[in-house]
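Raw input26.tsv, TSV, C-alpha atoms:
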```
chain	number	residue	atom	x	y	z
Y	1	MET	CA	15.28	-62.41	-98.46
Y	2	SER	CA	19.02	-61.74	-98.53
Y	3	SER	CA	21.26	-63.36	-101.12
Y	4	VAL	CA	22.89	-65.55	-98.48
Y	5	GLU	CA	19.49	-66.81	-97.29
Y	6	ALA	CA	18.41	-67.44	-100.88
Y	7	LEU	CA	21.64	-69.37	-101.47
Y	8	VAL	CA	20.97	-71.52	-98.39
Y	9	ALA	CA	17.39	-72.05	-99.60
Y	10	ILE	CA	18.65	-73.20	-102.99
Y	11	ILE	CA	21.25	-75.56	-101.51
Y	12	GLY	CA	18.48	-77.07	-99.36
Y	13	LEU	CA	16.23	-77.43	-102.41
Y	14	THR	CA	19.05	-79.27	-104.20
Y	15	ALA	CA	19.35	-81.68	-101.28
Y	16	ILE	CA	15.56	-82.23	-101.48
Y	17	THR	CA	15.87	-83.14	-105.16
Y	18	VAL	CA	18.63	-85.65	-104.38
Y	19	VAL	CA	16.83	-87.22	-101.42
Y	20	THR	CA	13.34	-87.47	-102.97
Y	21	ARG	CA	14.53	-88.80	-106.32
Y	22	GLY	CA	16.77	-91.38	-104.69
Y	23	PHE	CA	14.65	-92.05	-101.62
Y	24	PHE	CA	14.23	-95.81	-101.86
Y	25	LEU	CA	17.74	-96.24	-103.25
Y	26	LEU	CA	19.41	-94.59	-100.24
Y	27	SER	CA	19.49	-97.69	-98.06
Y	28	GLU	CA	21.24	-100.91	-99.04
Y	29	ARG	CA	18.29	-102.94	-97.79
Y	30	GLU	CA	14.83	-102.76	-99.30
Y	31	TRP	CA	11.99	-101.55	-97.07
Y	32	PRO	CA	8.33	-101.12	-97.93
Y	33	LEU	CA	6.25	-97.97	-97.57
Y	34	PRO	CA	3.36	-98.22	-95.08
Y	35	ALA	CA	-0.11	-98.00	-96.62
Y	36	TRP	CA	-1.15	-94.81	-94.79
Y	37	ALA	CA	1.94	-92.99	-96.11
Y	38	ASN	CA	1.13	-94.16	-99.61
Y	39	ARG	CA	-2.37	-92.64	-99.37
Y	40	GLY	CA	-1.09	-89.34	-97.97
Y	41	LEU	CA	1.59	-89.12	-100.67
Y	42	ARG	CA	-1.10	-89.05	-103.34
Y	43	TYR	CA	-2.68	-85.86	-102.03
Y	44	ALA	CA	0.41	-83.93	-100.86
Y	45	PRO	CA	1.55	-82.60	-104.27
Y	46	LEU	CA	-1.95	-81.40	-105.16
Y	47	ALA	CA	-2.40	-79.76	-101.74
Y	48	ALA	CA	0.99	-78.03	-102.04
Y	49	LEU	CA	0.10	-76.76	-105.52
Y	50	ALA	CA	-3.28	-75.41	-104.39
Y	51	ALA	CA	-1.69	-73.81	-101.32
Y	52	VAL	CA	0.83	-71.89	-103.42
Y	53	ILE	CA	-1.50	-70.98	-106.30
Y	54	ALA	CA	-4.64	-69.75	-104.49
Y	55	PRO	CA	-3.07	-66.82	-102.60
Y	56	GLU	CA	-1.10	-65.76	-105.70
Y	57	VAL	CA	-4.31	-65.53	-107.72
Y	58	LEU	CA	-6.77	-64.21	-105.14
Y	59	LEU	CA	-4.72	-61.94	-102.88
Y	60	THR	CA	-2.76	-58.72	-103.34
Y	61	ASN	CA	-0.52	-57.77	-100.41
Y	62	GLY	CA	-2.40	-60.12	-98.09
Y	63	ALA	CA	-5.93	-58.85	-98.87
Y	64	LEU	CA	-8.56	-60.20	-101.26
Y	65	VAL	CA	-8.39	-58.39	-104.61
Y	66	GLU	CA	-10.63	-55.35	-104.60
Y	67	GLY	CA	-13.31	-55.09	-107.26
Y	68	TRP	CA	-13.00	-57.28	-110.30
Y	69	ARG	CA	-10.18	-55.55	-112.18
Y	70	SER	CA	-7.49	-58.04	-111.36
Y	71	PRO	CA	-5.28	-59.10	-114.29
Y	72	ARG	CA	-4.11	-62.15	-112.32
Y	73	LEU	CA	-7.65	-63.32	-111.61
Y	74	PHE	CA	-8.66	-63.00	-115.26
Y	75	ALA	CA	-5.42	-64.67	-116.37
Y	76	ALA	CA	-6.19	-67.61	-114.09
Y	77	ILE	CA	-9.79	-67.82	-115.38
Y	78	ALA	CA	-8.61	-67.74	-119.01
Y	79	GLY	CA	-5.94	-70.37	-118.28
Y	80	THR	CA	-8.52	-72.54	-116.52
Y	81	ALA	CA	-10.94	-72.28	-119.44
Y	82	TYR	CA	-8.17	-73.27	-121.84
Y	83	PHE	CA	-7.08	-76.22	-119.73
Y	84	TRP	CA	-10.54	-77.78	-119.53
Y	85	TRP	CA	-11.05	-77.18	-123.23
Y	86	GLN	CA	-7.75	-78.58	-124.54
Y	87	ARG	CA	-6.10	-80.26	-121.51
Y	88	GLY	CA	-2.69	-78.71	-122.27
Y	89	ILE	CA	-0.46	-77.14	-119.63
Y	90	LEU	CA	1.57	-75.24	-122.22
Y	91	GLY	CA	-1.54	-73.60	-123.68
Y	92	THR	CA	-2.73	-72.77	-120.17
Y	93	ILE	CA	0.47	-70.79	-119.59
Y	94	VAL	CA	0.33	-69.06	-122.99
Y	95	VAL	CA	-3.38	-68.11	-122.84
Y	96	GLY	CA	-3.18	-66.97	-119.21
Y	97	THR	CA	-0.03	-64.90	-119.73
Y	98	ALA	CA	-1.42	-63.35	-122.93
Y	99	THR	CA	-4.63	-62.41	-121.08
Y	100	MET	CA	-2.67	-60.83	-118.25
Y	101	LEU	CA	-0.41	-58.85	-120.58
Y	102	ALA	CA	-3.38	-57.68	-122.68
Y	103	LEU	CA	-5.18	-56.38	-119.58
Y	104	LYS	CA	-2.08	-54.79	-118.04
Y	105	LEU	CA	-0.45	-53.30	-121.11
Y	106	GLY	CA	-3.52	-52.94	-123.36
Y	107	LEU	CA	-6.10	-51.66	-120.88
Y	108	GLY	CA	-3.71	-50.36	-118.25
Y	109	TRP	CA	-5.30	-52.27	-115.30
P	1	MET	CA	15.87	-90.40	-129.28
P	2	ARG	CA	12.72	-90.16	-131.34
P	3	GLU	CA	10.68	-91.05	-128.25
P	4	ILE	CA	11.94	-88.08	-126.27
P	5	ALA	CA	12.19	-85.40	-128.97
P	6	GLY	CA	8.43	-84.64	-128.98
P	7	PRO	CA	7.76	-84.32	-125.25
P	8	SER	CA	11.03	-82.47	-124.69
P	9	PHE	CA	9.56	-79.50	-126.56
P	10	GLY	CA	7.06	-79.11	-123.74
P	11	ILE	CA	9.91	-79.44	-121.22
P	12	SER	CA	11.77	-76.61	-122.95
P	13	ALA	CA	8.79	-74.26	-122.83
P	14	TRP	CA	8.28	-75.07	-119.16
P	15	ALA	CA	11.99	-74.36	-118.54
P	16	LEU	CA	11.77	-71.00	-120.31
P	17	VAL	CA	8.86	-69.97	-118.07
P	18	THR	CA	10.73	-71.17	-114.97
P	19	GLY	CA	13.80	-69.18	-116.00
P	20	VAL	CA	11.78	-65.98	-116.39
P	21	ALA	CA	9.91	-66.62	-113.12
P	22	MET	CA	13.16	-67.09	-111.17
P	23	ILE	CA	14.43	-63.65	-112.18
P	24	LYS	CA	11.01	-62.03	-111.69
P	25	SER	CA	10.74	-63.28	-108.12
P	26	GLY	CA	13.83	-61.25	-107.26
P	27	LEU	CA	16.69	-63.74	-107.50
P	28	THR	CA	19.93	-62.29	-108.80
P	29	LEU	CA	21.30	-63.55	-112.11
P	30	PRO	CA	23.96	-65.83	-110.56
P	31	LEU	CA	21.51	-67.23	-107.99
P	32	ALA	CA	18.88	-67.96	-110.64
P	33	MET	CA	21.48	-69.75	-112.78
P	34	PHE	CA	22.71	-71.72	-109.78
P	35	MET	CA	19.14	-72.66	-108.83
P	36	SER	CA	18.36	-73.92	-112.31
P	37	LEU	CA	21.57	-75.95	-112.64
P	38	ALA	CA	21.56	-77.39	-109.11
P	39	VAL	CA	17.93	-77.92	-108.09
P	40	TYR	CA	16.78	-79.20	-111.50
P	41	ALA	CA	13.16	-79.83	-110.46
P	42	GLY	CA	10.81	-77.46	-112.28
P	43	SER	CA	7.62	-77.72	-110.25
P	44	ALA	CA	9.45	-77.56	-106.90
P	45	GLN	CA	11.37	-74.50	-108.12
P	46	LEU	CA	8.20	-72.75	-109.27
P	47	ALA	CA	6.39	-73.50	-106.01
P	48	ALA	CA	9.36	-72.24	-103.96
P	49	LEU	CA	9.64	-68.94	-105.87
P	50	PRO	CA	6.64	-67.03	-104.44
P	51	LEU	CA	7.73	-68.17	-100.97
P	52	ILE	CA	11.31	-66.98	-101.52
P	53	ALA	CA	9.97	-63.66	-102.87
P	54	ALA	CA	7.79	-63.26	-99.74
P	55	GLY	CA	10.70	-64.04	-97.43
P	56	ALA	CA	9.12	-67.20	-95.96
P	57	PRO	CA	11.24	-69.16	-93.45
P	58	LEU	CA	13.53	-71.77	-94.94
P	59	TRP	CA	11.69	-74.73	-93.47
P	60	VAL	CA	8.39	-73.63	-95.05
P	61	ILE	CA	10.09	-73.30	-98.45
P	62	TRP	CA	11.71	-76.71	-98.05
P	63	ALA	CA	8.55	-78.42	-96.80
P	64	THR	CA	6.57	-77.10	-99.77
P	65	ALA	CA	9.22	-78.19	-102.27
P	66	ALA	CA	9.46	-81.61	-100.61
P	67	CYS	CA	5.69	-82.06	-101.02
P	68	MET	CA	5.98	-81.18	-104.70
P	69	ASN	CA	8.70	-83.81	-105.04
P	70	LEU	CA	6.92	-86.62	-103.21
P	71	ARG	CA	6.01	-88.24	-106.52
P	72	PHE	CA	9.73	-88.96	-106.99
P	73	VAL	CA	9.73	-90.91	-103.72
P	74	ILE	CA	7.09	-93.20	-105.23
P	75	PHE	CA	9.03	-93.48	-108.50
P	76	SER	CA	12.21	-94.34	-106.59
P	77	ALA	CA	10.62	-97.48	-105.11
P	78	HIS	CA	10.06	-98.59	-108.70
P	79	TRP	CA	13.57	-97.56	-109.82
P	80	ARG	CA	15.05	-99.76	-107.12
P	81	LYS	CA	13.89	-102.84	-109.02
P	82	TYR	CA	15.98	-101.77	-112.03
P	83	PHE	CA	19.05	-100.09	-110.54
P	84	GLY	CA	19.16	-101.29	-106.92
P	85	GLU	CA	22.30	-103.30	-107.62
P	86	LEU	CA	24.45	-100.32	-108.70
P	87	PRO	CA	26.90	-98.85	-106.13
P	88	ARG	CA	25.08	-96.37	-103.89
P	89	ALA	CA	26.88	-93.21	-105.03
P	90	ARG	CA	26.33	-94.09	-108.68
P	91	ARG	CA	22.63	-94.95	-108.34
P	92	LEU	CA	21.95	-91.76	-106.34
P	93	ALA	CA	23.76	-89.61	-108.93
P	94	LEU	CA	21.74	-91.32	-111.66
P	95	MET	CA	18.44	-90.73	-109.86
P	96	TYR	CA	19.29	-87.07	-109.09
P	97	LEU	CA	19.29	-86.44	-112.85
P	98	THR	CA	16.20	-88.52	-113.61
P	99	ALA	CA	13.06	-86.41	-114.09
P	100	ASP	CA	9.41	-87.35	-114.67
P	101	LEU	CA	9.73	-87.68	-118.44
P	102	ASN	CA	12.69	-90.07	-118.16
P	103	TYR	CA	10.67	-92.21	-115.75
P	104	VAL	CA	7.60	-92.38	-117.97
P	105	LEU	CA	9.59	-93.26	-121.10
P	106	PHE	CA	11.78	-95.79	-119.30
P	107	VAL	CA	8.88	-97.68	-117.74
P	108	ARG	CA	7.12	-97.77	-121.10
P	109	ARG	CA	10.25	-99.14	-122.78
P	110	PHE	CA	11.10	-101.64	-120.00
P	111	PRO	CA	7.76	-102.64	-118.45
P	112	ASP	CA	9.29	-105.76	-116.88
P	113	PRO	CA	10.77	-104.63	-113.51
P	114	LYS	CA	14.11	-106.43	-113.58
P	115	PRO	CA	17.63	-105.31	-114.54
P	116	SER	CA	19.03	-105.78	-118.05
P	117	PRO	CA	22.26	-104.49	-119.65
P	118	GLU	CA	20.69	-102.10	-122.19
P	119	GLN	CA	18.82	-100.13	-119.49
P	120	LEU	CA	21.72	-98.00	-118.25
P	121	PRO	CA	22.80	-96.67	-121.68
P	122	TYR	CA	19.14	-95.99	-122.50
P	123	LEU	CA	18.59	-94.01	-119.31
P	124	LEU	CA	21.87	-92.10	-119.66
P	125	GLY	CA	20.92	-91.00	-123.19
P	126	SER	CA	17.45	-90.05	-122.01
P	127	ILE	CA	18.66	-87.94	-119.09
P	128	ALA	CA	21.37	-86.22	-121.14
P	129	TRP	CA	18.78	-85.16	-123.71
P	130	SER	CA	16.27	-83.90	-121.18
P	131	TRP	CA	18.96	-82.12	-119.11
P	132	LEU	CA	19.96	-80.10	-122.17
P	133	SER	CA	16.37	-79.44	-123.24
P	134	TRP	CA	15.70	-78.12	-119.72
P	135	GLN	CA	18.87	-76.15	-118.94
P	136	ILE	CA	19.39	-74.31	-122.25
P	137	PRO	CA	15.88	-72.74	-122.37
P	138	ALA	CA	15.99	-72.12	-118.60
P	139	LEU	CA	19.18	-70.08	-119.02
P	140	ILE	CA	17.61	-68.25	-121.98
P	141	GLY	CA	14.59	-67.50	-119.79
P	142	ILE	CA	16.86	-66.16	-117.06
P	143	ALA	CA	18.60	-63.89	-119.57
P	144	LEU	CA	15.26	-62.71	-121.03
P	145	GLY	CA	13.70	-62.20	-117.60
P	146	ASP	CA	16.46	-59.79	-116.78
P	147	ARG	CA	15.38	-57.55	-119.68
P	148	VAL	CA	11.59	-57.62	-119.29
P	149	PRO	CA	10.10	-54.84	-117.11
P	150	THR	CA	9.03	-56.09	-113.66
P	151	GLU	CA	5.59	-54.48	-113.88
P	152	TRP	CA	4.62	-56.97	-116.59
P	153	GLU	CA	4.51	-59.52	-113.75
P	154	LEU	CA	5.80	-62.29	-116.00
P	155	GLY	CA	6.61	-64.31	-112.89
P	156	PHE	CA	2.89	-65.06	-112.85
P	157	ALA	CA	3.48	-67.35	-115.85
P	158	GLY	CA	5.10	-69.67	-113.32
P	159	VAL	CA	1.90	-69.68	-111.24
P	160	LEU	CA	-0.11	-70.46	-114.39
P	161	ALA	CA	2.24	-73.37	-115.07
P	162	LEU	CA	1.51	-74.69	-111.57
P	163	LEU	CA	-2.21	-74.17	-112.17
P	164	GLY	CA	-2.13	-76.36	-115.28
P	165	LEU	CA	-0.10	-78.96	-113.39
P	166	ALA	CA	-2.63	-78.94	-110.52
P	167	TYR	CA	-5.55	-79.51	-112.91
P	168	SER	CA	-3.72	-82.38	-114.58
P	169	THR	CA	-3.20	-84.15	-111.23
P	170	LEU	CA	-6.93	-84.02	-110.38
P	171	SER	CA	-8.49	-87.45	-110.57
P	172	GLY	CA	-11.85	-88.16	-109.02
P	173	ARG	CA	-14.10	-86.30	-106.63
P	174	ASN	CA	-11.90	-86.72	-103.55
P	175	SER	CA	-8.92	-85.02	-105.17
P	176	TRP	CA	-11.12	-82.06	-106.20
P	177	ILE	CA	-12.32	-81.65	-102.63
P	178	ALA	CA	-8.80	-82.02	-101.19
P	179	GLY	CA	-7.49	-79.39	-103.64
P	180	LEU	CA	-10.31	-76.94	-102.92
P	181	VAL	CA	-9.90	-77.37	-99.16
P	182	ALA	CA	-6.16	-76.65	-99.47
P	183	ALA	CA	-6.82	-73.58	-101.63
P	184	ALA	CA	-9.47	-72.24	-99.23
P	185	ALA	CA	-7.26	-72.89	-96.21
P	186	ALA	CA	-4.30	-71.10	-97.81
P	187	VAL	CA	-6.41	-68.00	-98.42
P	188	ALA	CA	-8.28	-68.11	-95.09
P	189	ALA	CA	-5.09	-68.52	-93.07
P	190	VAL	CA	-3.11	-65.89	-94.96
P	191	ALA	CA	-2.88	-63.69	-91.86
P	192	LEU	CA	-0.65	-66.29	-90.19
P	193	PRO	CA	2.97	-65.17	-89.96
P	194	LEU	CA	5.89	-66.85	-91.74
P	195	LYS	CA	3.75	-68.11	-94.65
P	196	LEU	CA	2.46	-70.80	-92.31
P	197	ASN	CA	-0.80	-70.69	-94.27
P	198	VAL	CA	0.92	-72.88	-96.89
P	199	VAL	CA	1.77	-75.51	-94.28
P	200	VAL	CA	-1.74	-75.38	-92.78
P	201	ALA	CA	-3.25	-75.73	-96.26
P	202	ILE	CA	-1.12	-78.75	-97.18
P	203	ALA	CA	-2.00	-80.46	-93.90
P	204	ALA	CA	-5.72	-79.69	-94.39
P	205	GLY	CA	-5.75	-80.91	-98.00
P	206	VAL	CA	-3.91	-84.17	-97.24
P	207	ALA	CA	-6.05	-84.84	-94.13
P	208	VAL	CA	-9.32	-84.31	-96.02
P	209	GLY	CA	-8.13	-86.47	-98.94
P	210	VAL	CA	-7.08	-89.36	-96.71
P	211	LEU	CA	-10.31	-89.13	-94.64
P	212	LEU	CA	-12.48	-89.09	-97.78
P	213	ASP	CA	-10.66	-92.19	-99.05
P	214	ARG	CA	-11.61	-93.97	-95.85
P	215	GLY	CA	-15.30	-93.20	-96.43
P	216	TRP	CA	-15.70	-90.02	-94.39
P	217	PRO	CA	-18.16	-88.45	-93.63
P	218	VAL	CA	-20.05	-91.55	-92.59
P	219	THR	CA	-23.49	-91.48	-94.23
P	220	ALA	CA	-26.68	-92.00	-92.22
P	221	GLU	CA	-27.19	-95.29	-93.98
P	222	ALA	CA	-23.74	-96.65	-93.16
P	223	ARG	CA	-24.17	-95.70	-89.50
P	224	ARG	CA	-27.33	-97.76	-89.24
```
Represent the structure of the file as structure tokens.
Amino acid sequence: MSSVEALVAIIGLTAITVVTRGFFLLSEREWPLPAWANRGLRYAPLAALAAVIAPEVLLTNGALVEGWRSPRLFAAIAGTAYFWWQRGILGTIVVGTATMLALKLGLGW
Amino acid sequence: MREIAGPSFGISAWALVTGVAMIKSGLTLPLAMFMSLAVYAGSAQLAALPLIAAGAPLWVIWATAACMNLRFVIFSAHWRKYFGELPRARRLALMYLTADLNYVLFVRRFPDPKPSPEQLPYLLGSIAWSWLSWQIPALIGIALGDRVPTEWELGFAGVLALLGLAYSTLSGRNSWIAGLVAAAAAVAAVALPLKLNVVVAIAAGVAVGVLLDRGWPVTAEARR
């Protein structure tokens, strides 16, 4: 992506922050959210997260990781184990990143 | 101030990771700094980064970030009860700077949803503190990221941050299934051009979640 495109992307992302954070304060009149939208809104963030994470963990250059020597896969497993043990996002990042660096730099995967 | 000092440590660590991830996904130093200062929405930034790195079309990047930010839409309906009477430009500027932590602390401090004079100074103090505890470490992360070798793949720390966030939003069986469906769809549809697999996966996850909430699939017993 060129720098100009990235700049446009970032300006758009800024507009998204403004519009989503102020959504129901944009109009002068109050209007309610329909029930179906409310239900969909609950799942959208989780679906977006899963959609971004899964390919980053499981794929390399568009193909499933070959064999089992994938530092990213092991980092994700270690982070997952930590999360369900301690329920902390910060620790998930630290444990996962440490695992990845140990495998990459220590074992040369 | 005491209320926010503890949680803002977590915010700072998250910002540091985001700063490193921005540089590691190929943004130049000025662009990464601009992104941090202007977008100011950590999870949306982190979700957008792999898509920017892969050269996804703008609308896919924006749609993904908008989904990440939908929680703010729900918060904003609540905010209206407190700050709906402010002039439009002022209330939108205020909300632009109001992140998750500010919302959680504010609602805990003022559980009664009606305006009162001490709310605005409280919120202004809260957002000033969290803005600084986000932006300073983010800029440090950007500076550090520029010095760390790319082959360390430190940008993956951003994906791990999203992973922890995803686990913390899981609540109940239906959300697990919706999340797994989205993950499977994103991987299965990866051959689609333009990173459309992300859009397909979001649609699949939301559709399955909403259908499950309405009691789908219908069991044999219910049909009788």
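Across the structure, CA of Met1 in chain Y and CA of Trp109 in chain Y are spaced 28.5 Å apart.
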6 Å contacts from chain P to chain Y using all atoms listed in the file, as a list of chain:residue names: P:Met35, P:Ala38, P:Val39, P:Gly55, P:Cys67, P:Met68, P:Phe72, P:Val73, P:Ser76, P:Ala77, P:Arg80, P:Leu92, P:Met95, P:Tyr96, P:Ala157, P:Leu160, P:Ala161, P:Gly164, P:Ala166, P:Gly179, P:Ala182, P:Ala183, P:Ala186, P:Val187, P:Val198, P:Ala201, P:Ile202, P:Gly205, P:Val206
Six-sided padding of 4 Å per side, axis-aligned box over range 65-78 of chain Y, centre and edges in Å, one decimal, as AutoDock Vina command-line options:
```
--center_x -8.7 --center_y -61.5 --center_z -111.8 --size_x 17.2 --size_y 20.7 --size_z 22.4
```
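CA of Gly26 in chain P sits 12.6 Å away from CA of Glu151 in chain P.
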re CA of Gly67 in chain Y and CA of Leu107 in chain Y: distance 15.8 Å
List the spatial neighbours of Val107 in chain P as a count of residues only - criterion: any atom at most 12 Å away, all atoms listed in the file, same-chain residues fewer than 4 positions off excluded. 16
How would range 170-188 of chain P look with N, CA and C atoms restored, written as a PDB file, in the frame of the given file?
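As written to disk, rebuild.pdb reads:
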```pdb
ATOM      1  N   LEU P 170      -5.609 -83.722-110.941  1.00  0.00           N
ATOM      2  CA  LEU P 170      -6.930 -84.020-110.380  1.00  0.00           C
ATOM      3  C   LEU P 170      -7.445 -85.319-110.963  1.00  0.00           C
ATOM      4  N   SER P 171      -7.869 -86.221-110.082  1.00  0.00           N
ATOM      5  CA  SER P 171      -8.490 -87.450-110.570  1.00  0.00           C
ATOM      6  C   SER P 171      -9.537 -87.870-109.550  1.00  0.00           C
ATOM      7  N   GLY P 172     -10.774 -87.726-109.916  1.00  0.00           N
ATOM      8  CA  GLY P 172     -11.850 -88.160-109.020  1.00  0.00           C
ATOM      9  C   GLY P 172     -12.285 -87.075-108.053  1.00  0.00           C
ATOM     10  N   ARG P 173     -13.466 -87.290-107.490  1.00  0.00           N
ATOM     11  CA  ARG P 173     -14.100 -86.300-106.630  1.00  0.00           C
ATOM     12  C   ARG P 173     -13.242 -85.955-105.410  1.00  0.00           C
ATOM     13  N   ASN P 174     -12.646 -86.971-104.783  1.00  0.00           N
ATOM     14  CA  ASN P 174     -11.900 -86.720-103.550  1.00  0.00           C
ATOM     15  C   ASN P 174     -10.723 -85.777-103.769  1.00  0.00           C
ATOM     16  N   SER P 175     -10.062 -85.897-104.924  1.00  0.00           N
ATOM     17  CA  SER P 175      -8.920 -85.020-105.170  1.00  0.00           C
ATOM     18  C   SER P 175      -9.393 -83.579-105.402  1.00  0.00           C
ATOM     19  N   TRP P 176     -10.552 -83.412-106.037  1.00  0.00           N
ATOM     20  CA  TRP P 176     -11.120 -82.060-106.200  1.00  0.00           C
ATOM     21  C   TRP P 176     -11.363 -81.431-104.831  1.00  0.00           C
ATOM     22  N   ILE P 177     -11.991 -82.201-103.951  1.00  0.00           N
ATOM     23  CA  ILE P 177     -12.320 -81.650-102.630  1.00  0.00           C
ATOM     24  C   ILE P 177     -11.033 -81.334-101.864  1.00  0.00           C
ATOM     25  N   ALA P 178     -10.064 -82.248-101.904  1.00  0.00           N
ATOM     26  CA  ALA P 178      -8.800 -82.020-101.190  1.00  0.00           C
ATOM     27  C   ALA P 178      -8.124 -80.751-101.715  1.00  0.00           C
ATOM     28  N   GLY P 179      -8.118 -80.569-103.043  1.00  0.00           N
ATOM     29  CA  GLY P 179      -7.490 -79.390-103.640  1.00  0.00           C
ATOM     30  C   GLY P 179      -8.214 -78.107-103.240  1.00  0.00           C
ATOM     31  N   LEU P 180      -9.552 -78.138-103.278  1.00  0.00           N
ATOM     32  CA  LEU P 180     -10.310 -76.940-102.920  1.00  0.00           C
ATOM     33  C   LEU P 180     -10.139 -76.596-101.439  1.00  0.00           C
ATOM     34  N   VAL P 181     -10.108 -77.620-100.590  1.00  0.00           N
ATOM     35  CA  VAL P 181      -9.900 -77.370 -99.160  1.00  0.00           C
ATOM     36  C   VAL P 181      -8.534 -76.719 -98.946  1.00  0.00           C
ATOM     37  N   ALA P 182      -7.506 -77.237 -99.615  1.00  0.00           N
ATOM     38  CA  ALA P 182      -6.160 -76.650 -99.470  1.00  0.00           C
ATOM     39  C   ALA P 182      -6.147 -75.212 -99.946  1.00  0.00           C
ATOM     40  N   ALA P 183      -6.793 -74.943-101.091  1.00  0.00           N
ATOM     41  CA  ALA P 183      -6.820 -73.580-101.630  1.00  0.00           C
ATOM     42  C   ALA P 183      -7.537 -72.631-100.665  1.00  0.00           C
ATOM     43  N   ALA P 184      -8.711 -73.072-100.157  1.00  0.00           N
ATOM     44  CA  ALA P 184      -9.470 -72.240 -99.230  1.00  0.00           C
ATOM     45  C   ALA P 184      -8.686 -71.994 -97.952  1.00  0.00           C
ATOM     46  N   ALA P 185      -8.025 -73.039 -97.449  1.00  0.00           N
ATOM     47  CA  ALA P 185      -7.260 -72.890 -96.210  1.00  0.00           C
ATOM     48  C   ALA P 185      -6.090 -71.922 -96.402  1.00  0.00           C
ATOM     49  N   ALA P 186      -5.441 -71.985 -97.565  1.00  0.00           N
ATOM     50  CA  ALA P 186      -4.300 -71.100 -97.810  1.00  0.00           C
ATOM     51  C   ALA P 186      -4.733 -69.642 -97.812  1.00  0.00           C
ATOM     52  N   VAL P 187      -5.914 -69.376 -98.373  1.00  0.00           N
ATOM     53  CA  VAL P 187      -6.410 -68.000 -98.420  1.00  0.00           C
ATOM     54  C   VAL P 187      -6.936 -67.575 -97.049  1.00  0.00           C
ATOM     55  N   ALA P 188      -7.685 -68.464 -96.392  1.00  0.00           N
ATOM     56  CA  ALA P 188      -8.280 -68.110 -95.090  1.00  0.00           C
ATOM     57  C   ALA P 188      -7.214 -67.862 -94.039  1.00  0.00           C
TER      58      ALA P 188
END
```
